[in-house]
>>> print(open('input_38.cif').read())   # mmCIF, C-alpha atoms
data_my_file
loop_
_atom_site.group_PDB
_atom_site.id
_atom_site.type_symbol
_atom_site.label_atom_id
_atom_site.label_comp_id
_atom_site.auth_asym_id
_atom_site.auth_seq_id
_atom_site.Cartn_x
_atom_site.Cartn_y
_atom_site.Cartn_z
ATOM 1 C CA MET B 1 -11.444 14.352 -19.499
ATOM 2 C CA THR B 2 -14.141 11.677 -19.419
ATOM 3 C CA PRO B 3 -12.859 8.224 -18.423
ATOM 4 C CA PRO B 4 -12.567 5.998 -21.484
ATOM 5 C CA ARG B 5 -15.292 3.366 -21.210
ATOM 6 C CA HIS B 6 -13.102 0.777 -22.904
ATOM 7 C CA ALA B 7 -10.292 1.212 -20.391
ATOM 8 C CA HIS B 8 -11.511 -1.519 -18.049
ATOM 9 C CA THR B 9 -10.826 -4.082 -20.773
ATOM 10 C CA LYS B 10 -7.128 -3.206 -20.869
ATOM 11 C CA ASN B 11 -4.414 -4.673 -18.681
ATOM 12 C CA ARG B 12 -4.715 -3.016 -15.283
ATOM 13 C CA ASP B 13 -1.862 -4.811 -13.554
ATOM 14 C CA PRO B 14 0.429 -2.296 -11.779
ATOM 15 C CA VAL B 15 3.683 -1.429 -13.495
ATOM 16 C CA THR B 16 6.695 -3.620 -12.736
ATOM 17 C CA GLY B 17 9.234 -0.770 -12.810
ATOM 18 C CA CYS B 18 9.702 2.165 -10.445
ATOM 19 C CA LEU B 19 6.460 2.646 -8.507
ATOM 20 C CA SER B 20 6.732 6.407 -8.964
ATOM 21 C CA CYS B 21 7.707 6.849 -12.621
ATOM 22 C CA GLY B 22 7.672 3.376 -14.176
ATOM 23 C CA THR B 23 11.274 3.300 -15.351
ATOM 24 C CA THR B 24 13.199 0.054 -15.115
ATOM 25 C CA ASP B 25 16.567 1.848 -15.021
ATOM 26 C CA HIS B 26 18.715 2.094 -11.885
ATOM 27 C CA LEU B 27 16.370 -0.049 -9.760
ATOM 28 C CA ASN B 28 18.797 -2.772 -8.633
ATOM 29 C CA GLY B 29 15.971 -4.638 -6.897
ATOM 30 C CA ARG B 30 14.473 -1.508 -5.340
ATOM 31 C CA LYS B 31 10.916 -0.216 -5.724
ATOM 32 C CA TYR B 32 11.988 3.300 -6.766
ATOM 33 C CA CYS B 33 14.659 4.639 -9.077
ATOM 34 C CA SER B 34 15.479 7.348 -6.510
ATOM 35 C CA VAL B 35 14.259 8.847 -3.254
ATOM 36 C CA SER B 36 13.471 12.143 -4.989
ATOM 37 C CA CYS B 37 11.283 10.363 -7.550
ATOM 38 C CA ARG B 38 9.230 8.720 -4.795
ATOM 39 C CA GLN B 39 8.952 11.968 -2.861
ATOM 40 C CA ARG B 40 7.804 13.858 -5.953
ATOM 41 C CA LEU B 41 4.844 11.563 -6.569
ATOM 42 C CA GLN B 42 3.861 11.444 -2.894
ATOM 43 C CA ARG B 43 4.069 15.222 -2.666
ATOM 44 C CA ASN B 44 1.841 15.677 -5.718
ATOM 45 C CA LEU B 45 -0.683 13.126 -4.489
ATOM 46 C CA ASN B 46 -0.935 14.869 -1.115
ATOM 47 C CA ARG B 47 -1.304 18.279 -2.759
ATOM 48 C CA HIS B 48 -4.372 17.111 -4.682
ATOM 49 C CA THR B 49 -6.465 15.477 -1.984
ATOM 50 C CA GLY B 50 -9.193 18.080 -2.536
ATOM 51 C CA LEU B 51 -10.659 15.856 -5.250
ATOM 52 C CA LEU B 52 -10.920 12.937 -2.843
ATOM 53 C CA LYS B 53 -12.464 15.137 -0.165
ATOM 54 C CA ALA B 54 -15.031 16.370 -2.720
ATOM 55 C CA LEU B 55 -15.859 12.726 -3.473
ATOM 56 C CA ASN B 56 -16.208 11.952 0.272
ATOM 57 C CA ALA B 57 -13.628 9.203 -0.191
ATOM 58 C CA ARG B 58 -13.024 6.763 2.629
ATOM 59 C CA TYR B 59 -10.198 5.016 0.819
ATOM 60 C CA ALA B 60 -8.478 5.220 -2.541
ATOM 61 C CA THR B 61 -5.615 3.669 -4.440
ATOM 62 C CA PHE B 62 -3.495 5.078 -7.240
ATOM 63 C CA TYR B 63 -1.363 3.030 -9.615
ATOM 64 C CA PHE B 64 -0.427 2.926 -13.262
ATOM 65 C CA THR B 65 0.493 0.658 -16.133
ATOM 66 C CA GLY B 66 2.472 1.399 -19.253
ATOM 67 C CA GLU B 67 -0.712 2.823 -20.828
ATOM 68 C CA LEU B 68 -3.022 3.940 -18.023
ATOM 69 C CA ILE B 69 -3.264 5.721 -14.697
ATOM 70 C CA ILE B 70 -5.929 4.364 -12.357
ATOM 71 C CA LEU B 71 -7.577 5.982 -9.342
ATOM 72 C CA ASP B 72 -9.923 3.630 -7.461
ATOM 73 C CA VAL B 73 -12.155 5.181 -4.802
ATOM 74 C CA ILE B 74 -14.542 3.912 -2.108
ATOM 75 C CA VAL B 75 -16.843 6.701 -0.899
ATOM 76 C CA SER B 76 -18.331 7.147 2.548
ATOM 77 C CA ASP B 77 -21.838 5.818 1.853
ATOM 78 C CA SER B 78 -21.077 2.912 -0.486
ATOM 79 C CA ASP B 79 -18.966 -0.224 -0.813
ATOM 80 C CA ARG B 80 -18.803 0.089 -4.573
ATOM 81 C CA ILE B 81 -15.516 0.933 -6.232
ATOM 82 C CA PHE B 82 -15.472 3.997 -8.476
ATOM 83 C CA SER B 83 -12.612 3.962 -10.970
ATOM 84 C CA TYR B 84 -11.148 6.904 -12.857
ATOM 85 C CA ILE B 85 -9.036 5.467 -15.657
ATOM 86 C CA HIS B 86 -7.135 7.665 -18.101
ATOM 87 C CA SER B 87 -4.533 7.128 -20.767
ATOM 88 C CA ARG B 88 -0.992 8.116 -19.904
ATOM 89 C CA SER B 89 0.666 10.889 -21.847
ATOM 90 C CA ARG B 90 3.564 9.980 -24.102
ATOM 91 C CA THR B 91 6.186 12.029 -22.317
ATOM 92 C CA GLY B 92 4.747 12.877 -18.889
ATOM 93 C CA LYS B 93 5.396 10.985 -15.674
ATOM 94 C CA PRO B 94 2.525 9.418 -13.708
ATOM 95 C CA ALA B 95 2.673 12.329 -11.237
ATOM 96 C CA ASP B 96 2.048 14.795 -14.088
ATOM 97 C CA ASP B 97 -0.761 12.663 -15.499
ATOM 98 C CA PHE B 98 -2.381 12.453 -12.076
ATOM 99 C CA ILE B 99 -2.245 16.233 -11.665
ATOM 100 C CA ARG B 100 -3.901 16.746 -15.045
ATOM 101 C CA MET B 101 -6.632 14.246 -14.226
ATOM 102 C CA ALA B 102 -7.251 15.679 -10.748
ATOM 103 C CA ASN B 103 -7.365 19.255 -12.044
ATOM 104 C CA ARG B 104 -9.798 18.353 -14.816
ATOM 105 C CA LEU B 105 -12.112 16.456 -12.471
ATOM 106 C CA GLY B 106 -11.851 19.297 -9.969
ATOM 107 C CA ARG B 107 -12.935 21.816 -12.599
ATOM 108 C CA ASP B 108 -15.856 19.558 -13.538
ATOM 109 C CA TRP B 109 -16.895 19.461 -9.870
ATOM 110 C CA TRP B 110 -16.726 23.243 -9.523
ATOM 111 C CA ASP B 111 -18.610 23.778 -12.779
ATOM 112 C CA GLU B 112 -21.429 21.558 -11.558
ATOM 113 C CA ARG B 113 -21.312 23.205 -8.133
ATOM 114 C CA GLY B 114 -21.633 26.620 -9.745
ATOM 115 C CA ARG B 115 -24.495 25.503 -11.977
ATOM 116 C CA THR B 116 -26.567 23.741 -9.305
ATOM 117 C CA HIS B 117 -25.325 25.459 -6.124
ATOM 118 C CA ARG B 118 -25.365 22.017 -4.486
ATOM 119 C CA ARG B 119 -22.225 20.218 -3.362
ATOM 120 C CA TYR B 120 -23.864 16.803 -3.334
ATOM 121 C CA LEU B 121 -24.989 17.227 -6.946
ATOM 122 C CA ALA B 122 -21.453 18.136 -7.976
ATOM 123 C CA THR B 123 -20.135 15.053 -6.178
ATOM 124 C CA ARG B 124 -22.793 12.865 -7.750
ATOM 125 C CA ARG B 125 -21.814 14.186 -11.166
ATOM 126 C CA LEU B 126 -18.185 13.115 -10.623
ATOM 127 C CA LEU B 127 -19.257 9.672 -9.443
ATOM 128 C CA GLU B 128 -21.373 9.296 -12.564
ATOM 129 C CA MET B 129 -18.271 9.992 -14.624
ATOM 130 C CA ALA B 130 -16.429 7.070 -13.014
ATOM 131 C CA ILE B 131 -16.577 3.429 -13.963
ATOM 132 C CA SER B 132 -18.581 1.877 -11.121
ATOM 133 C CA ARG B 133 -17.817 -1.728 -10.360
ATOM 134 C CA GLY B 134 -18.379 -4.325 -7.697
ATOM 135 C CA GLY B 135 -15.810 -6.722 -6.367
ATOM 136 C CA THR B 136 -14.110 -6.985 -3.011
ATOM 137 C CA THR B 137 -13.376 -3.747 -1.189
ATOM 138 C CA THR B 138 -10.044 -5.166 0.003
ATOM 139 C CA SER B 139 -8.591 -4.157 -3.366
ATOM 140 C CA VAL B 140 -8.948 -0.539 -2.189
ATOM 141 C CA ALA B 141 -9.329 -0.847 1.590
ATOM 142 C CA PRO B 142 -6.673 -3.323 2.799
ATOM 143 C CA SER B 143 -6.744 -5.056 6.148
ATOM 144 C CA ALA B 144 -4.333 -3.708 8.741
ATOM 145 C CA ILE B 145 -1.076 -5.653 8.954
ATOM 146 C CA LYS B 146 0.322 -6.262 12.432
ATOM 147 C CA LYS B 147 4.089 -6.146 12.419
ATOM 148 C CA PRO B 148 6.012 -7.052 15.594
ATOM 149 C CA VAL B 149 8.232 -4.319 16.969
ATOM 150 C CA LEU B 150 11.220 -6.600 17.096
ATOM 151 C CA LYS B 151 14.468 -7.053 15.209
ATOM 152 C CA LYS B 152 13.841 -9.237 12.197
ATOM 153 C CA GLU B 153 17.121 -11.081 12.735
ATOM 154 C CA PHE B 154 15.760 -12.648 15.952
ATOM 155 C CA ILE B 155 12.751 -14.016 14.088
ATOM 156 C CA ILE B 156 14.976 -15.356 11.308
ATOM 157 C CA ARG B 157 17.389 -17.058 13.713
ATOM 158 C CA LEU B 158 14.556 -19.186 15.136
ATOM 159 C CA ASP B 159 13.002 -19.727 11.706
ATOM 160 C CA LEU B 160 9.695 -18.165 12.800
ATOM 161 C CA THR B 161 7.133 -16.221 10.759
ATOM 162 C CA ARG B 162 4.969 -13.181 11.412
ATOM 163 C CA GLU B 163 1.984 -15.541 11.650
ATOM 164 C CA ASP B 164 3.725 -17.413 14.478
ATOM 165 C CA LEU B 165 4.112 -14.179 16.447
ATOM 166 C CA VAL B 166 0.416 -13.267 16.217
ATOM 167 C CA SER B 167 -0.636 -16.772 17.275
ATOM 168 C CA PRO B 168 -2.407 -17.223 20.642
ATOM 169 C CA ASP B 169 0.221 -19.819 21.623
ATOM 170 C CA VAL B 170 3.164 -17.667 20.568
ATOM 171 C CA LEU B 171 5.294 -18.594 23.596
ATOM 172 C CA LEU B 172 4.932 -22.305 22.847
ATOM 173 C CA LYS B 173 5.935 -21.691 19.230
ATOM 174 C CA ILE B 174 9.019 -19.737 20.351
ATOM 175 C CA LYS B 175 10.112 -22.496 22.728
ATOM 176 C CA SER B 176 9.585 -25.206 20.123
ATOM 177 C CA ALA B 177 11.509 -23.190 17.522
ATOM 178 C CA PHE B 178 14.341 -22.616 19.989
ATOM 179 C CA ARG B 179 14.677 -26.338 20.710
ATOM 180 C CA ARG B 180 14.828 -27.152 16.993
ATOM 181 C CA GLN B 181 17.414 -24.494 16.168
ATOM 182 C CA ALA B 182 19.471 -25.158 19.298
ATOM 183 C CA MET B 183 19.821 -28.820 18.292
ATOM 184 C CA ILE B 184 21.134 -27.732 14.898
ATOM 185 C CA ALA B 185 23.469 -25.002 16.184
ATOM 186 C CA HIS B 186 24.884 -26.850 19.226
ATOM 187 C CA PRO B 187 28.678 -27.314 18.923
ATOM 188 C CA ASP B 188 28.352 -30.988 19.902
ATOM 189 C CA ARG B 189 26.184 -31.530 16.818
ATOM 190 C CA GLY B 190 28.413 -29.793 14.316
ATOM 191 C CA GLY B 191 27.345 -26.215 14.981
ATOM 192 C CA SER B 192 29.433 -23.364 16.340
ATOM 193 C CA THR B 193 29.584 -21.592 19.669
ATOM 194 C CA ARG B 194 28.793 -18.305 17.946
ATOM 195 C CA SER B 195 25.683 -19.679 16.238
ATOM 196 C CA PHE B 196 24.438 -21.264 19.452
ATOM 197 C CA ARG B 197 24.862 -17.974 21.321
ATOM 198 C CA GLN B 198 22.914 -16.156 18.605
ATOM 199 C CA ILE B 199 20.085 -18.686 18.868
ATOM 200 C CA HIS B 200 20.009 -18.250 22.635
ATOM 201 C CA GLU B 201 20.018 -14.453 22.324
ATOM 202 C CA ALA B 202 17.112 -14.625 19.881
ATOM 203 C CA TYR B 203 15.203 -16.869 22.287
ATOM 204 C CA ASN B 204 15.710 -14.448 25.179
ATOM 205 C CA GLN B 205 14.620 -11.474 23.101
ATOM 206 C CA LEU B 206 11.546 -13.234 21.725
ATOM 207 C CA THR B 207 10.352 -14.572 25.058
ATOM 208 C CA ALA B 208 10.759 -11.119 26.613
ATOM 209 C CA TRP B 209 8.766 -9.643 23.735
ATOM 210 C CA ALA B 210 6.064 -12.327 24.089
ATOM 211 C CA ASP B 211 5.512 -11.267 27.720
ATOM 212 C CA ASN B 212 4.615 -7.775 26.499
ATOM 213 C CA PRO B 213 4.030 -7.915 22.719
ATOM 214 C CA VAL B 214 4.111 -4.643 20.798
ATOM 215 C CA PHE B 215 2.969 -4.273 17.182
ATOM 216 C CA ASN B 216 2.988 -1.617 14.517
ATOM 217 C CA ARG B 217 -0.193 -1.563 12.440
ATOM 218 C CA ARG B 218 0.093 -0.627 8.805
ATOM 219 C CA GLN B 219 -2.395 -0.429 5.964
ATOM 220 C CA GLY B 220 -1.341 -0.426 2.372
ATOM 221 C CA PHE B 221 -0.435 -2.397 -0.730
ATOM 222 C CA PRO B 222 2.943 -3.550 -2.050
ATOM 223 C CA ASP B 223 2.333 -2.148 -5.551
ATOM 224 C CA LYS B 224 -0.218 0.687 -5.168
ATOM 225 C CA TRP B 225 -0.355 4.051 -3.407
ATOM 226 C CA PHE B 226 -3.002 4.079 -0.659
ATOM 227 C CA TYR B 227 -5.191 6.948 0.577
ATOM 228 C CA ASN B 228 -6.950 6.940 3.944
ATOM 229 C CA GLY B 229 -9.724 9.521 4.241
ATOM 230 C CA SER B 230 -9.459 9.635 8.045
ATOM 231 C CA THR B 231 -5.946 11.114 7.764
ATOM 232 C CA ASN B 232 -6.331 12.739 4.330
ATOM 233 C CA ARG B 233 -2.898 11.458 3.383
ATOM 234 C CA TRP B 234 -1.397 9.180 0.744
ATOM 235 C CA ILE B 235 0.826 6.310 1.875
ATOM 236 C CA GLN B 236 3.544 4.904 -0.364
ATOM 237 C CA PRO B 237 3.448 1.196 -1.279
ATOM 238 C CA THR B 238 4.293 -0.934 1.715
ATOM 239 C CA PRO B 239 7.593 -2.795 1.847
ATOM 240 C CA GLY B 240 7.554 -6.533 1.272
ATOM 241 C CA GLU B 241 7.977 -9.037 4.010
#
>>> encode(input="input_38.cif", output="structure tokens")
Amino acid sequence: MTPPRHAHTKNRDPVTGCLSCGTTDHLNGRKYCSVSCRQRLQRNLNRHTGLLKALNARYATFYFTGELIILDVIVSDSDRIFSYIHSRSRTGKPADDFIRMANRLGRDWWDERGRTHRRYLATRRLLEMAISRGGTTTSVAPSAIKKPVLKKEFIIRLDLTREDLVSPDVLLKIKSAFRRQAMIAHPDRGGSTRSFRQIHEAYNQLTAWADNPVFNRRQGFPDKWFYNGSTNRWIQPTPGE
């Protein structure tokens, strides 16, 4: 299954439906039509990481359109992006199309390995089969996102953002936000006692957090599946802010 050389001229924007199967049914604002659908694709991606290990992949992304499935790879000794782009089958789901592509490329690798008795030659053969392109590596290797380990409702109550909480003067921003929101929520200014108490609770929680800030770090994309070679695992698209 040689990648079609015309494929890069087609629309490569990720699908707008379910991020596992592409359907637009039963979404109701969600990213997946069902939990089982998401789990099925993630399970199949993780079962076929041998291809990425053979390619010495540092990072990879997988996504699909109505016509194509796309696997973008950054290998260990290069910043170039190697793309494997294949047409989707008429009836199969993206998970099935990915399995077929991975199996075919895997057989090509083993055939070349058997012919040359050299792993690096087999890997080079697979890279030659890809569409090699330049561009920014952040399309495949995203920056880590720092997310505060803190209830989102406290951030919302003070009308703060994630950027505010990673600022060097975070405590000043919290105090300024508290003063603004307290003026609005104060009962003497048309607010309610309940709202004012919630603002005060948020302030106490945020200032306590600022004294000892804790973050979760996450890599990924909102509309593509992400592979990290250091863990040899696929990560589902990250939730939105």
>>> resolve_selection(input="input_38.cif", expression="the PyMOL selection byres ((chain B and resi 35-48) around 10)", output="JSON, numbers by chain")
{"B": [18, 19, 20, 21, 31, 32, 33, 34, 49, 50, 51, 52, 53, 62, 93, 94, 95, 96, 98, 99, 102, 103, 106, 225, 227, 232, 233, 234, 235, 236]}
>>> closest_residue(input="input_38.cif", among="B:Ala54, B:Phe64, B:Leu71, B:Tyr84", to="B:Arg113", atoms="all atoms listed in the file")
B:Ala54
>>> closest_residue(input="input_38.cif", among="B:Phe226, B:Tyr120, B:Trp110, B:Tyr59", to="B:Val73", atoms="all atoms listed in the file")
B:Tyr59
>>> atom_distance(input="input_38.cif", atom1="atom CA of B:Arg179", atom2="atom CA of B:Thr161")
16.1 Å
>>> atom_distance(input="input_38.cif", atom1="atom CA of B:Gly66", atom2="atom CA of B:Met101")
16.5 Å
>>> residues_near_point(input="input_38.cif", point="(-8.4, 2.3, -7.8)", cutoff="8 Å", atoms="all atoms listed in the file", output="PyMOL selection string")
chain B and resi 60-63+70-73+81-84+139-140
>>> resolve_selection(input="input_38.cif", expression="the PyMOL selection byres ((chain B and resi 142) around 12)", output="PDB file with C-alpha atoms, in the coordinates of the input")
ATOM      1  CA  ARG B  58     -13.024   6.763   2.629  1.00  0.00           C
ATOM      2  CA  TYR B  59     -10.198   5.016   0.819  1.00  0.00           C
ATOM      3  CA  ALA B  60      -8.478   5.220  -2.541  1.00  0.00           C
ATOM      4  CA  THR B  61      -5.615   3.669  -4.440  1.00  0.00           C
ATOM      5  CA  ILE B  74     -14.542   3.912  -2.108  1.00  0.00           C
ATOM      6  CA  THR B 136     -14.110  -6.985  -3.011  1.00  0.00           C
ATOM      7  CA  THR B 137     -13.376  -3.747  -1.189  1.00  0.00           C
ATOM      8  CA  THR B 138     -10.044  -5.166   0.003  1.00  0.00           C
ATOM      9  CA  SER B 139      -8.591  -4.157  -3.366  1.00  0.00           C
ATOM     10  CA  VAL B 140      -8.948  -0.539  -2.189  1.00  0.00           C
ATOM     11  CA  ALA B 141      -9.329  -0.847   1.590  1.00  0.00           C
ATOM     12  CA  SER B 143      -6.744  -5.056   6.148  1.00  0.00           C
ATOM     13  CA  ALA B 144      -4.333  -3.708   8.741  1.00  0.00           C
ATOM     14  CA  ILE B 145      -1.076  -5.653   8.954  1.00  0.00           C
ATOM     15  CA  ARG B 217      -0.193  -1.563  12.440  1.00  0.00           C
ATOM     16  CA  ARG B 218       0.093  -0.627   8.805  1.00  0.00           C
ATOM     17  CA  GLN B 219      -2.395  -0.429   5.964  1.00  0.00           C
ATOM     18  CA  GLY B 220      -1.341  -0.426   2.372  1.00  0.00           C
ATOM     19  CA  PHE B 221      -0.435  -2.397  -0.730  1.00  0.00           C
ATOM     20  CA  PRO B 222       2.943  -3.550  -2.050  1.00  0.00           C
ATOM     21  CA  LYS B 224      -0.218   0.687  -5.168  1.00  0.00           C
ATOM     22  CA  TRP B 225      -0.355   4.051  -3.407  1.00  0.00           C
ATOM     23  CA  PHE B 226      -3.002   4.079  -0.659  1.00  0.00           C
ATOM     24  CA  TYR B 227      -5.191   6.948   0.577  1.00  0.00           C
ATOM     25  CA  ASN B 228      -6.950   6.940   3.944  1.00  0.00           C
ATOM     26  CA  PRO B 237       3.448   1.196  -1.279  1.00  0.00           C
ATOM     27  CA  THR B 238       4.293  -0.934   1.715  1.00  0.00           C
TER      28      THR B 238
END
>>> atom_distance(input="input_38.cif", atom1="atom CA of B:Arg124", atom2="atom CA of B:Ser230")
20.9 Å
>>> closest_residue(input="input_38.cif", among="B:Ala185, B:Pro213, B:Ala122, B:Arg197", to="B:Pro168", atoms="only C-alpha atoms")
B:Pro213
>>> closest_residue(input="input_38.cif", among="B:Gln181, B:Ser87, B:Ser132, B:Asn216", to="B:Leu150", atoms="only C-alpha atoms")
B:Asn216
>>> closest_residue(input="input_38.cif", among="B:Gly22, B:Gly134, B:Gly190, B:Gly29", to="B:Thr91", atoms="all atoms listed in the file")
B:Gly22
>>> resolve_selection(input="input_38.cif", expression="the PyMOL selection byres ((chain B and resi 205) around 12)", output="list in words")
Val149, Leu150, Lys151, Lys152, Glu153, Phe154, Ile155, Arg157, Leu158, Leu171, Ile174, Lys175, Phe178, Gln198, Ile199, His200, Glu201, Ala202, Tyr203, Asn204, Leu206, Thr207, Ala208, Trp209, Ala210, Asp211, Asn212 and Pro213 of chain B
>>> residues_around(input="input_38.cif", residues="B:His186", least_positions_apart="4", cutoff="6 Å", atoms="all atoms listed in the file", output="MDAnalysis selection string")
chainID B and resid 182 191 196
>>> axis_aligned_box(input="input_38.cif", around="stretch 44-57 of chain B", padding_each_side="4 Å", output="JSON")
{"center_x": -7.2, "center_y": 13.7, "center_z": -2.7, "size_x": 26.0, "size_y": 17.1, "size_z": 14.0}
